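**Q** File name input_19.cif; file contents mmCIF, C-alpha atoms and all ligand atoms; full text below.
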```
data_protein
#
loop_
_atom_site.label_atom_id
_atom_site.label_comp_id
_atom_site.auth_asym_id
_atom_site.auth_seq_id
_atom_site.Cartn_x
_atom_site.Cartn_y
_atom_site.Cartn_z
CA MET A 74 30.88 -3.18 -5.90
CA ILE A 75 27.39 -2.72 -7.37
CA THR A 76 27.09 0.68 -9.00
CA ALA A 77 23.88 2.59 -9.62
CA ASP A 78 24.49 5.77 -11.59
CA SER A 79 22.35 8.49 -13.18
CA LYS A 80 22.25 6.45 -16.42
CA LEU A 81 20.43 3.70 -14.55
CA THR A 82 18.07 6.33 -13.11
CA GLN A 83 17.22 7.33 -16.67
CA THR A 84 16.58 3.68 -17.50
CA VAL A 85 14.13 3.51 -14.57
CA LEU A 86 12.33 6.71 -15.57
CA ASP A 87 12.18 5.65 -19.22
CA ALA A 88 10.70 2.27 -18.23
CA CYS A 89 8.02 3.99 -16.10
CA ASP A 90 7.20 6.27 -19.07
CA ALA A 91 7.02 3.32 -21.46
CA LEU A 92 4.75 1.28 -19.15
CA ALA A 93 2.44 4.29 -18.70
CA CYS A 94 1.47 3.91 -22.38
CA HIS A 95 -0.19 0.54 -21.70
CA SER A 96 -3.60 1.63 -20.44
CA GLU A 97 -7.10 0.24 -20.82
CA VAL A 98 -8.45 3.81 -21.14
CA VAL A 99 -7.10 6.02 -23.91
CA GLY A 100 -5.58 9.27 -22.62
CA GLU A 101 -5.05 8.12 -19.06
CA ILE A 102 -3.18 5.48 -17.07
CA THR A 103 -5.72 2.92 -15.93
CA ARG A 104 -4.80 -0.72 -15.56
CA THR A 105 -7.12 -2.81 -13.44
CA TYR A 106 -6.68 -6.50 -12.67
CA LEU A 107 -5.76 -8.53 -15.77
CA CYS A 108 -7.02 -5.96 -18.27
CA PRO A 109 -5.76 -6.80 -21.79
CA THR A 110 -2.95 -4.19 -21.67
CA THR A 111 -1.43 -6.02 -18.70
CA GLN A 112 -0.06 -8.37 -21.35
CA GLU A 113 1.91 -5.51 -22.95
CA VAL A 114 3.42 -4.60 -19.57
CA HIS A 115 4.44 -8.23 -19.05
CA THR A 116 5.99 -8.39 -22.52
CA HIS A 117 7.94 -5.17 -21.97
CA LEU A 118 9.34 -6.18 -18.58
CA GLY A 119 9.78 -9.83 -19.58
CA GLY A 120 11.94 -8.66 -22.50
CA TRP A 121 14.12 -6.61 -20.16
CA ALA A 122 14.38 -9.60 -17.81
CA GLY A 123 15.50 -11.79 -20.72
CA ARG A 124 18.31 -9.36 -21.61
CA LEU A 125 19.39 -9.49 -17.95
CA GLY A 126 19.62 -13.29 -18.03
CA MET A 127 16.49 -13.81 -15.95
CA THR A 128 13.76 -16.37 -16.56
CA THR A 129 10.18 -15.12 -16.41
CA ARG A 130 6.85 -16.76 -15.75
CA ILE A 131 3.32 -15.52 -15.17
CA ASP A 132 1.75 -17.31 -12.22
CA ALA A 133 -1.90 -18.38 -11.88
CA VAL A 134 -3.18 -14.98 -10.68
CA GLY A 135 -1.18 -13.12 -13.32
CA ASN A 136 1.84 -12.02 -11.29
CA LEU A 137 4.96 -11.36 -13.38
CA ARG A 138 7.87 -13.23 -11.80
CA SER A 139 11.42 -12.96 -13.11
CA ARG A 140 14.22 -14.93 -11.49
CA LEU A 141 17.95 -14.38 -11.54
CA GLU A 142 19.21 -17.74 -10.37
CA SER A 143 22.25 -18.05 -8.18
CA LYS A 144 24.82 -20.66 -9.31
CA ASP A 145 24.14 -22.48 -6.05
CA PRO A 146 20.88 -24.40 -6.49
CA ASN A 147 20.33 -24.32 -2.71
CA ALA A 148 20.76 -20.56 -2.46
CA PRO A 149 17.93 -18.62 -0.78
CA THR A 150 15.87 -16.02 -2.65
CA LEU A 151 15.49 -12.30 -2.15
CA TYR A 152 12.16 -10.98 -3.47
CA ILE A 153 11.94 -7.43 -4.80
CA GLY A 154 8.64 -6.13 -6.07
CA SER A 155 5.48 -4.09 -6.03
CA HIS A 156 2.27 -3.93 -8.09
CA LEU A 157 1.60 -3.34 -11.79
CA ASP A 158 -2.12 -2.49 -11.56
CA THR A 159 -3.28 1.09 -11.05
CA VAL A 160 -6.20 3.11 -9.77
CA PRO A 161 -8.30 4.82 -12.49
CA ASN A 162 -6.49 7.78 -14.09
CA ALA A 163 -3.36 7.03 -12.06
CA GLY A 164 0.19 8.33 -12.07
CA ARG A 165 3.08 6.42 -13.56
CA TYR A 166 5.04 5.51 -10.41
CA ASP A 167 2.68 4.08 -7.76
CA GLY A 168 3.59 0.39 -7.74
CA ILE A 169 5.33 0.43 -11.11
CA LEU A 170 8.44 2.13 -9.71
CA GLY A 171 9.00 -0.69 -7.23
CA VAL A 172 8.86 -3.36 -9.93
CA VAL A 173 11.10 -1.42 -12.31
CA MET A 174 13.58 -0.82 -9.46
CA GLY A 175 13.89 -4.59 -9.08
CA TYR A 176 14.96 -5.07 -12.69
CA ALA A 177 17.21 -1.98 -12.52
CA LEU A 178 19.05 -3.41 -9.51
CA VAL A 179 19.63 -6.67 -11.39
CA GLU A 180 20.98 -4.53 -14.24
CA ALA A 181 23.23 -2.72 -11.73
CA LEU A 182 24.67 -6.10 -10.73
CA GLY A 183 26.07 -6.40 -14.24
CA GLY A 184 26.48 -10.16 -13.91
CA GLN A 185 28.17 -10.10 -10.49
CA GLU A 186 27.47 -13.24 -8.46
CA LEU A 187 25.49 -12.98 -5.27
CA PRO A 188 25.04 -15.80 -2.75
CA TYR A 189 21.28 -15.65 -3.32
CA SER A 190 18.80 -15.68 -6.17
CA ILE A 191 16.69 -12.60 -6.89
CA GLU A 192 13.04 -12.84 -7.90
CA VAL A 193 11.44 -9.65 -9.16
CA LEU A 194 7.69 -9.61 -8.52
CA GLY A 195 5.22 -7.53 -10.53
CA PHE A 196 1.98 -8.12 -8.64
CA SER A 197 -1.10 -8.23 -10.83
CA GLU A 198 -3.45 -6.61 -8.34
CA GLU A 199 -3.03 -4.47 -5.26
CA GLU A 200 -5.42 -1.53 -5.56
CA GLY A 201 -8.72 -3.43 -5.28
CA VAL A 202 -10.32 -1.38 -8.09
CA ARG A 203 -11.97 -4.07 -10.22
CA PHE A 204 -13.21 -6.56 -7.61
CA GLY A 205 -13.29 -4.44 -4.46
CA VAL A 206 -10.77 -6.81 -2.85
CA SER A 207 -7.11 -5.83 -2.59
CA PHE A 208 -3.83 -7.74 -2.83
CA ILE A 209 -5.00 -10.58 -5.10
CA GLY A 210 -1.41 -10.75 -6.42
CA SER A 211 0.56 -10.94 -3.20
CA ARG A 212 -2.07 -13.04 -1.43
CA ALA A 213 -1.47 -15.81 -3.97
CA LEU A 214 2.14 -16.03 -2.76
CA VAL A 215 1.14 -16.54 0.88
CA GLY A 216 -1.72 -18.91 0.04
CA THR A 217 -4.75 -16.76 0.89
CA ALA A 218 -6.01 -15.91 -2.61
CA ASP A 219 -8.36 -18.93 -2.95
CA GLU A 220 -11.10 -17.21 -0.97
CA LEU A 221 -10.98 -14.25 -3.41
CA LEU A 222 -11.71 -16.30 -6.56
CA ALA A 223 -15.50 -15.87 -6.23
CA ALA A 224 -15.39 -12.06 -5.81
CA LEU A 225 -17.37 -10.32 -8.57
CA ASP A 226 -16.70 -7.18 -10.60
CA LYS A 227 -19.40 -4.70 -11.70
CA GLU A 228 -20.23 -6.86 -14.73
CA GLY A 229 -20.76 -9.91 -12.55
CA ARG A 230 -17.56 -11.66 -13.64
CA SER A 231 -15.53 -13.40 -10.96
CA VAL A 232 -11.82 -13.29 -10.27
CA GLN A 233 -11.74 -16.88 -11.51
CA ASP A 234 -13.40 -15.78 -14.81
CA ALA A 235 -10.84 -12.99 -15.19
CA ILE A 236 -7.98 -15.43 -14.66
CA GLU A 237 -9.38 -17.84 -17.26
CA ALA A 238 -10.14 -15.04 -19.75
CA TYR A 239 -6.51 -13.98 -19.49
CA GLY A 240 -5.45 -17.52 -20.47
CA LEU A 241 -4.32 -18.61 -17.01
CA ASN A 242 -5.40 -21.62 -14.98
CA PRO A 243 -6.86 -20.97 -11.51
CA GLN A 244 -6.28 -24.66 -10.71
CA GLU A 245 -2.56 -23.82 -10.63
CA LEU A 246 -2.95 -21.35 -7.78
CA ALA A 247 -0.88 -23.55 -5.46
CA LEU A 248 2.10 -23.11 -7.81
CA ALA A 249 2.08 -19.38 -7.07
CA ARG A 250 2.96 -20.04 -3.40
CA LEU A 251 6.33 -19.04 -2.02
CA THR A 252 8.64 -22.04 -1.99
CA GLY A 253 12.19 -22.75 -0.93
CA GLN A 254 14.33 -20.71 1.41
CA SER A 255 13.63 -17.00 1.39
CA LEU A 256 15.73 -14.10 2.66
CA GLY A 257 12.79 -11.74 2.55
CA TYR A 258 10.92 -9.16 0.50
CA LEU A 259 11.97 -5.60 -0.32
CA GLU A 260 9.53 -3.09 -1.79
CA PHE A 261 10.43 0.33 -3.15
CA HIS A 262 7.40 2.63 -3.33
CA ILE A 263 6.69 6.32 -3.64
CA GLU A 264 5.70 7.71 -0.26
CA GLN A 265 2.37 9.15 -1.51
CA GLY A 266 2.52 11.59 1.41
CA PRO A 267 4.34 14.76 2.52
CA VAL A 268 6.69 13.47 5.24
CA LEU A 269 9.93 13.00 3.26
CA GLN A 270 9.41 16.30 1.46
CA ASP A 271 8.97 17.97 4.84
CA LEU A 272 12.17 16.32 6.13
CA GLU A 273 14.04 17.14 2.88
CA ALA A 274 15.01 13.47 2.50
CA SER A 275 15.15 11.53 -0.77
CA VAL A 276 14.28 8.22 0.81
CA GLY A 277 12.92 6.87 4.08
CA VAL A 278 12.84 3.50 5.80
CA VAL A 279 9.34 2.29 6.63
CA SER A 280 9.00 1.28 10.29
CA ALA A 281 5.58 -0.33 10.00
CA ILE A 282 2.43 -0.37 7.93
CA VAL A 283 -0.35 1.05 10.07
CA GLY A 284 -3.18 -0.97 11.47
CA GLN A 285 -6.61 0.51 10.90
CA ASP A 286 -10.23 0.43 11.92
CA ARG A 287 -13.11 1.73 9.85
CA LEU A 288 -16.55 2.13 11.36
CA ASN A 289 -19.95 3.65 10.73
CA LEU A 290 -21.71 5.58 13.49
CA GLU A 291 -25.41 6.30 13.63
CA PHE A 292 -26.69 9.00 16.00
CA VAL A 293 -30.48 8.94 16.30
CA GLY A 294 -32.28 11.74 18.19
CA ARG A 295 -35.48 13.51 17.21
CA ALA A 296 -36.12 16.02 14.47
CA SER A 297 -38.20 18.96 15.63
CA HIS A 298 -38.90 22.65 15.07
CA ALA A 299 -35.78 24.83 15.34
CA GLY A 300 -37.79 27.77 16.63
CA THR A 301 -40.26 26.25 19.07
CA THR A 302 -38.08 23.59 20.77
CA PRO A 303 -36.12 25.05 23.70
CA MET A 304 -32.47 23.96 24.00
CA HIS A 305 -33.00 21.74 27.08
CA LEU A 306 -35.78 19.76 25.36
CA ARG A 307 -33.87 18.95 22.18
CA ARG A 308 -32.48 15.59 21.05
CA ASP A 309 -30.01 16.99 18.51
CA ALA A 310 -28.17 14.13 16.79
CA LEU A 311 -25.75 16.44 14.99
CA ALA A 312 -24.70 18.24 18.18
CA ALA A 313 -23.65 14.85 19.61
CA ALA A 314 -21.95 13.78 16.36
CA ALA A 315 -20.11 17.10 16.09
CA ARG A 316 -18.65 16.67 19.60
CA PHE A 317 -17.46 13.22 18.53
CA MET A 318 -15.81 14.59 15.37
CA VAL A 319 -13.98 17.35 17.22
CA ALA A 320 -12.88 14.81 19.85
CA ALA A 321 -11.46 12.58 17.10
CA GLU A 322 -9.38 15.44 15.72
CA ASP A 323 -8.22 16.52 19.20
CA LEU A 324 -7.21 13.02 20.27
CA ALA A 325 -5.32 12.35 17.02
CA ARG A 326 -3.52 15.70 17.25
CA HIS A 327 -2.39 14.89 20.78
CA THR A 328 -1.45 11.25 20.19
CA PRO A 329 1.85 10.92 18.29
CA GLY A 330 1.37 8.98 15.07
CA LEU A 331 -2.40 8.64 15.36
CA VAL A 332 -4.57 9.72 12.42
CA ALA A 333 -8.35 9.86 12.67
CA THR A 334 -10.71 10.97 9.94
CA VAL A 335 -14.44 11.46 9.64
CA GLY A 336 -14.90 11.47 5.88
CA ILE A 337 -18.66 10.96 5.58
CA VAL A 338 -21.43 12.87 7.32
CA GLU A 339 -25.10 12.60 6.40
CA VAL A 340 -27.59 14.71 8.31
CA LYS A 341 -31.34 14.11 8.26
CA PRO A 342 -33.69 15.70 7.56
CA GLY A 343 -31.17 18.34 6.46
CA ALA A 344 -33.15 21.56 6.68
CA GLY A 345 -31.95 24.82 8.20
CA ASN A 346 -34.98 25.22 10.43
CA VAL A 347 -35.20 21.62 11.64
CA ILE A 348 -33.18 20.12 14.51
CA PRO A 349 -31.15 17.23 13.10
CA GLY A 350 -32.83 13.94 14.00
CA GLU A 351 -30.30 11.53 12.51
CA VAL A 352 -26.62 11.59 11.63
CA HIS A 353 -24.67 8.86 9.88
CA CYS A 354 -20.92 9.31 9.86
CA SER A 355 -17.76 7.30 9.31
CA LEU A 356 -14.54 6.97 11.28
CA ASP A 357 -11.15 5.89 9.88
CA ILE A 358 -8.47 5.53 12.55
CA ARG A 359 -4.87 4.35 12.03
CA HIS A 360 -1.68 3.85 14.02
CA GLU A 361 1.49 1.77 13.76
CA HIS A 362 0.84 0.19 17.18
CA ASP A 363 -2.35 -1.79 17.58
CA GLU A 364 -2.70 -1.10 21.31
CA VAL A 365 -2.48 2.69 20.76
CA ARG A 366 -5.12 2.49 18.03
CA ARG A 367 -7.44 0.29 20.10
CA ARG A 368 -7.13 2.50 23.18
CA ALA A 369 -7.84 5.62 21.12
CA LEU A 370 -10.82 4.01 19.45
CA LYS A 371 -12.31 3.00 22.79
CA GLU A 372 -11.81 6.51 24.17
CA LEU A 373 -13.55 8.04 21.15
CA LEU A 374 -16.49 5.65 21.22
CA ASP A 375 -16.94 6.07 25.00
CA GLY A 376 -16.93 9.84 24.46
CA ALA A 377 -19.43 9.56 21.62
CA GLU A 378 -21.71 7.50 23.87
CA ARG A 379 -21.50 10.14 26.62
CA GLU A 380 -22.29 12.98 24.21
CA ALA A 381 -25.21 10.98 22.81
CA GLN A 382 -26.63 10.11 26.25
CA ALA A 383 -26.38 13.71 27.40
CA ARG A 384 -28.80 14.59 24.59
CA GLN A 385 -31.03 11.49 24.75
CA VAL A 386 -29.61 10.45 21.42
CA ALA A 387 -29.16 6.75 20.62
CA LEU A 388 -25.80 5.65 19.20
CA LYS A 389 -25.22 2.59 17.04
CA VAL A 390 -21.67 1.66 15.97
CA THR A 391 -21.03 -0.73 13.07
CA PRO A 392 -17.45 -1.92 12.53
CA LYS A 393 -16.63 -2.16 8.79
CA MET A 394 -12.99 -3.21 8.82
CA SER A 395 -10.22 -3.91 11.31
CA GLU A 396 -6.65 -4.65 10.29
CA ALA A 397 -3.64 -5.18 12.53
CA ALA A 398 -0.46 -3.16 12.05
CA THR A 399 2.49 -4.82 10.28
CA PRO A 400 5.94 -4.02 11.66
CA MET A 401 8.70 -4.26 9.05
CA SER A 402 11.65 -6.65 9.48
CA GLY A 403 14.24 -5.40 11.96
CA GLN A 404 17.10 -6.97 10.05
CA PHE A 405 16.07 -5.51 6.69
CA LYS A 406 15.40 -2.10 8.22
CA ALA A 407 18.87 -2.12 9.79
CA LEU A 408 20.46 -3.01 6.43
CA LEU A 409 18.59 -0.17 4.70
CA HIS A 410 19.67 2.31 7.40
CA GLN A 411 23.24 1.06 7.18
CA ALA A 412 23.25 1.35 3.38
CA ALA A 413 21.94 4.93 3.46
CA GLU A 414 24.34 5.87 6.25
CA GLU A 415 27.33 4.61 4.27
CA LEU A 416 26.15 6.66 1.30
CA GLU A 417 25.77 9.73 3.55
CA LEU A 418 22.10 10.00 2.70
CA PRO A 419 19.52 11.04 5.31
CA HIS A 420 17.47 7.97 6.22
CA PRO A 421 14.51 8.91 8.40
CA GLU A 422 12.16 6.19 9.53
CA LEU A 423 8.48 6.74 8.82
CA VAL A 424 5.21 4.89 9.08
CA SER A 425 3.24 3.85 6.04
CA GLY A 426 -0.28 5.15 6.48
CA ALA A 427 -1.44 3.21 3.41
CA GLY A 428 -1.55 -0.53 2.80
CA HIS A 429 1.08 -2.20 0.58
CA ASP A 430 1.97 -5.67 -0.73
CA ALA A 431 4.75 -5.76 1.91
CA GLN A 432 2.11 -6.27 4.64
CA ILE A 433 0.93 -9.44 2.90
CA MET A 434 4.43 -10.76 2.21
CA ALA A 435 5.31 -10.05 5.88
CA GLN A 436 2.91 -12.85 6.85
CA GLU A 437 5.51 -15.35 5.60
CA VAL A 438 8.89 -13.66 5.10
CA PRO A 439 10.85 -10.72 6.53
CA ALA A 440 9.57 -7.67 4.66
CA ALA A 441 10.78 -4.10 4.35
CA MET A 442 9.98 -0.97 2.38
CA LEU A 443 12.01 1.99 1.20
CA PHE A 444 9.90 5.05 0.44
CA VAL A 445 10.92 7.50 -2.27
CA ARG A 446 9.94 11.16 -1.78
CA SER A 447 6.66 12.19 -3.45
CA PRO A 448 6.99 15.79 -4.73
CA ASN A 449 3.96 17.79 -3.53
CA ALA A 450 2.72 14.56 -1.90
CA LEU A 451 0.74 13.93 -5.04
CA SER A 452 -0.33 10.34 -5.82
CA HIS A 453 -3.26 8.44 -7.36
CA HIS A 454 -3.23 11.35 -9.80
CA PRO A 455 -1.88 11.74 -13.36
CA ASP A 456 0.58 14.43 -12.18
CA GLU A 457 2.27 12.02 -9.73
CA MET A 458 6.04 12.66 -9.88
CA VAL A 459 9.43 11.52 -8.67
CA ASN A 460 12.66 13.52 -8.54
CA PRO A 461 15.40 11.82 -10.60
CA GLU A 462 17.92 12.42 -7.79
CA ASP A 463 15.60 10.62 -5.36
CA VAL A 464 15.41 7.62 -7.71
CA THR A 465 19.22 7.64 -7.87
CA ALA A 466 19.34 7.69 -4.06
CA ALA A 467 16.91 4.75 -3.88
CA LEU A 468 18.93 2.78 -6.46
CA ARG A 469 22.16 3.41 -4.56
CA VAL A 470 20.60 2.36 -1.25
CA GLY A 471 19.15 -0.71 -2.99
CA ALA A 472 22.52 -1.66 -4.52
CA ARG A 473 24.29 -1.24 -1.18
CA PHE A 474 21.50 -3.24 0.51
CA LEU A 475 22.12 -6.14 -1.91
CA GLU A 476 25.84 -6.10 -1.00
CA ARG A 477 25.22 -5.90 2.74
CA LEU A 478 22.61 -8.67 2.50
CA ALA A 479 25.16 -10.85 0.69
CA GLY A 480 27.41 -10.43 3.73
CA THR A 481 24.75 -11.96 5.96
CA VAL A 482 24.14 -15.09 3.86
CA GLY A 483 25.86 -18.11 5.32
CA ALA A 484 27.46 -15.85 7.93
ZN ZN B 501 0.93 1.32 -4.59
#
```
How does this structure look as C-alpha cells?
Ligand SMILES: [Zn+2]

**A**
Amino acid sequence: MITADSKLTQTVLDACDALACHSEVVGEITRTYLCPTTQEVHTHLGGWAGRLGMTTRIDAVGNLRSRLESKDPNAPTLYIGSHLDTVPNAGRYDGILGVVMGYALVEALGGQELPYSIEVLGFSEEEGVRFGVSFIGSRALVGTADELLAALDKEGRSVQDAIEAYGLNPQELALARLTGQSLGYLEFHIEQGPVLQDLEASVGVVSAIVGQDRLNLEFVGRASHAGTTPMHLRRDALAAAARFMVAAEDLARHTPGLVATVGIVEVKPGAGNVIPGEVHCSLDIRHEHDEVRRRALKELLDGAEREAQARQVALKVTPKMSEAATPMSGQFKALLHQAAEELELPHPELVSGAGHDAQIMAQEVPAAMLFVRSPNALSHHPDEMVNPEDVTAALRVGARFLERLAGTVGA
C-alpha cells in the first residue's frame, strides 16, 4: 500500500515555495530556458532525489532526470514529469507542481519495490519564452530537438549557445533520447482553467490535448467618406470582418468543445468618419478532434469569403500554425479513473485547451495527464494557487495509479 497523506502534501507545497525563490528576476518568478538560477532548482531537486535513493543526471538540453531503478535490470520505466521553466512573472505551480509530484510519489513509496523503474523528468523548457520555440526539453527525448538548436533569442544567442554556456554539450543530444522499454508518461499539471472549479472536482483526467489552427485574415475594401458614400456603394472591410467574428463566436458556442477566438483586430484608416478600408484580424480555433476543428474552420472561412464578396471586399487568409490534437493513452486514462473511483473522488474527464509536454511524449510512449483544480482559474500569474486538499487528492490518485500500474506489468 502506497500512502500519500497531508504531510506529503505539505512537502509538495513547501518544495514549490522553495523553488519559487530561484528566479532570474528579483521580486518575481521568472525562469526562462537555462537561466543561471535553473542550476539552483536542479541542486534542490537533485538533493531530494539523492535522499530518496535516486540517481540524477542533467541531459544535453538541461532536463533534470532522476531515476529510481527497479531491482530488475530489464524492468520497464514509468516517466513522471513536467517543466521547470516559467513564463515571465509566473506563479509557483505551472509545471513545477508536476515535477515535484514525481519526487513526492517516490517518497510515498517509502522504499517499496515496484516492477518498474521510475524516472522523474524536470523539463528545461516548455513555455517558449526565450527562443520563441516551445518544448525544447521534451522534444530532446523524442529526438526532434536538433532542428531547434539554431533558434535565436532576442540577444542573438542560439539554443546551442545557451546549452554550451550552461556547461552542457549539444553533441550529446542523442543521449537525451528515450531508451529501453517504457510504460509511458504521466504528467500532473494545474488545470489553468475554470472547468474543475465549476464541477467542484479536485482533479480531472485529461482526454486529449486540443489540436489548433492559428491564422491571419486580411479584409481589403475601400476607404471612403462616411457621409457621402451611400450604403449600397460601400466596400466596408470591417462590416465583412465583423460578420466573420460573430460567426466564429456563434459556431463555437453551438459546437460542443470548440473554442474560437479573434484576439487581434486592426482597422485602417481608423477614423470615425471614414469607412474602414482594411481590416487585419487573427483567428485561433481549437478542438480535441481534428475533423471537427477542420470542418469548423472551413465553414468559418467560407462564410468570411461570402461576407467579403457581398461587399466587394477582397479576403486573404494566411495560416500561421496548425497542430493536430493528441489523444491521451486509453490505458493510462482508465487507470487514473479507476484510482480516483476507488478513492471515492470525482474524476471528470476534460480536454486540455493548452499545449503540454505530454503531447510531445505521446509521439513515442503512452501519455496521460491528471489536472489539479486551479482556484479562480488563475495561471501564468503570480497569484496562481492550488488548494492543499486538491494536491492531496492528486497524490492519492497518483499513488493508487502506481499500484494499479504495477498490476499490469508482466500480466
Ligand atoms: Zn505548464

**Q** Please return as a PDB file with C-alpha atoms, in the coordinates of the input the residues found within 10 Å of ligand ZN 501 (chain B), counting all atoms listed in the file.

**A**
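out05.pdb was written with the following content:
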```
ATOM      1  CA  SER A 155       5.480  -4.090  -6.030  1.00  0.00           C
ATOM      2  CA  HIS A 156       2.270  -3.930  -8.090  1.00  0.00           C
ATOM      3  CA  LEU A 157       1.600  -3.340 -11.790  1.00  0.00           C
ATOM      4  CA  ASP A 158      -2.120  -2.490 -11.560  1.00  0.00           C
ATOM      5  CA  THR A 159      -3.280   1.090 -11.050  1.00  0.00           C
ATOM      6  CA  VAL A 160      -6.200   3.110  -9.770  1.00  0.00           C
ATOM      7  CA  TYR A 166       5.040   5.510 -10.410  1.00  0.00           C
ATOM      8  CA  ASP A 167       2.680   4.080  -7.760  1.00  0.00           C
ATOM      9  CA  GLY A 168       3.590   0.390  -7.740  1.00  0.00           C
ATOM     10  CA  ILE A 169       5.330   0.430 -11.110  1.00  0.00           C
ATOM     11  CA  LEU A 170       8.440   2.130  -9.710  1.00  0.00           C
ATOM     12  CA  GLY A 171       9.000  -0.690  -7.230  1.00  0.00           C
ATOM     13  CA  GLU A 198      -3.450  -6.610  -8.340  1.00  0.00           C
ATOM     14  CA  GLU A 199      -3.030  -4.470  -5.260  1.00  0.00           C
ATOM     15  CA  GLU A 200      -5.420  -1.530  -5.560  1.00  0.00           C
ATOM     16  CA  PHE A 261      10.430   0.330  -3.150  1.00  0.00           C
ATOM     17  CA  HIS A 262       7.400   2.630  -3.330  1.00  0.00           C
ATOM     18  CA  ILE A 263       6.690   6.320  -3.640  1.00  0.00           C
ATOM     19  CA  GLU A 264       5.700   7.710  -0.260  1.00  0.00           C
ATOM     20  CA  GLN A 265       2.370   9.150  -1.510  1.00  0.00           C
ATOM     21  CA  ALA A 427      -1.440   3.210   3.410  1.00  0.00           C
ATOM     22  CA  GLY A 428      -1.550  -0.530   2.800  1.00  0.00           C
ATOM     23  CA  HIS A 429       1.080  -2.200   0.580  1.00  0.00           C
ATOM     24  CA  ASP A 430       1.970  -5.670  -0.730  1.00  0.00           C
ATOM     25  CA  SER A 452      -0.330  10.340  -5.820  1.00  0.00           C
ATOM     26  CA  HIS A 453      -3.260   8.440  -7.360  1.00  0.00           C
TER      27      HIS A 453
END
```

**Q** Excluding Glu101 in chain A and its own-chain neighbours fewer than 3 positions away, which residues fall within 9 Å of it when counting only C-alpha atoms? Please give them as a PyMOL selection string.

**A** chain A and resi 93-94+96-98+161-164+455

**Q** Closest to Leu194 in chain A among A:Glu228, A:Glu142, A:Asp132, A:Asp87, using only C-alpha atoms?

**A**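 That would be A:Asp132, the residue with the smallest distance to Leu194 in chain A.
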
**Q** Using all atoms listed in the file, tabulate the residues of range 239-279 of chain A lying at most 12 Å from any atom of range 387-406 of chain A, each with its closest atom pair and that distance in Å to one decimal, by chain and increasing residue number, as CSV.

**A**
```
residue,atom,partner,partner_atom,distance
A:Leu256,CA,A:Phe405,CA,9.5
A:Gly257,CA,A:Phe405,CA,8.2
A:Tyr258,CA,A:Phe405,CA,8.8
A:Leu259,CA,A:Phe405,CA,8.1
A:Glu260,CA,A:Met401,CA,10.9
A:Gly277,CA,A:Lys406,CA,10.2
A:Val278,CA,A:Lys406,CA,6.6
A:Val279,CA,A:Met401,CA,7.0
```

**Q** As an exercise, work out the distance from CA of His95 in chain A to CA of Val114 in chain A in Å and give it to one decimal place.

**A**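 Computed distance, CA of His95 in chain A to CA of Val114 in chain A, equals 6.6 Å.
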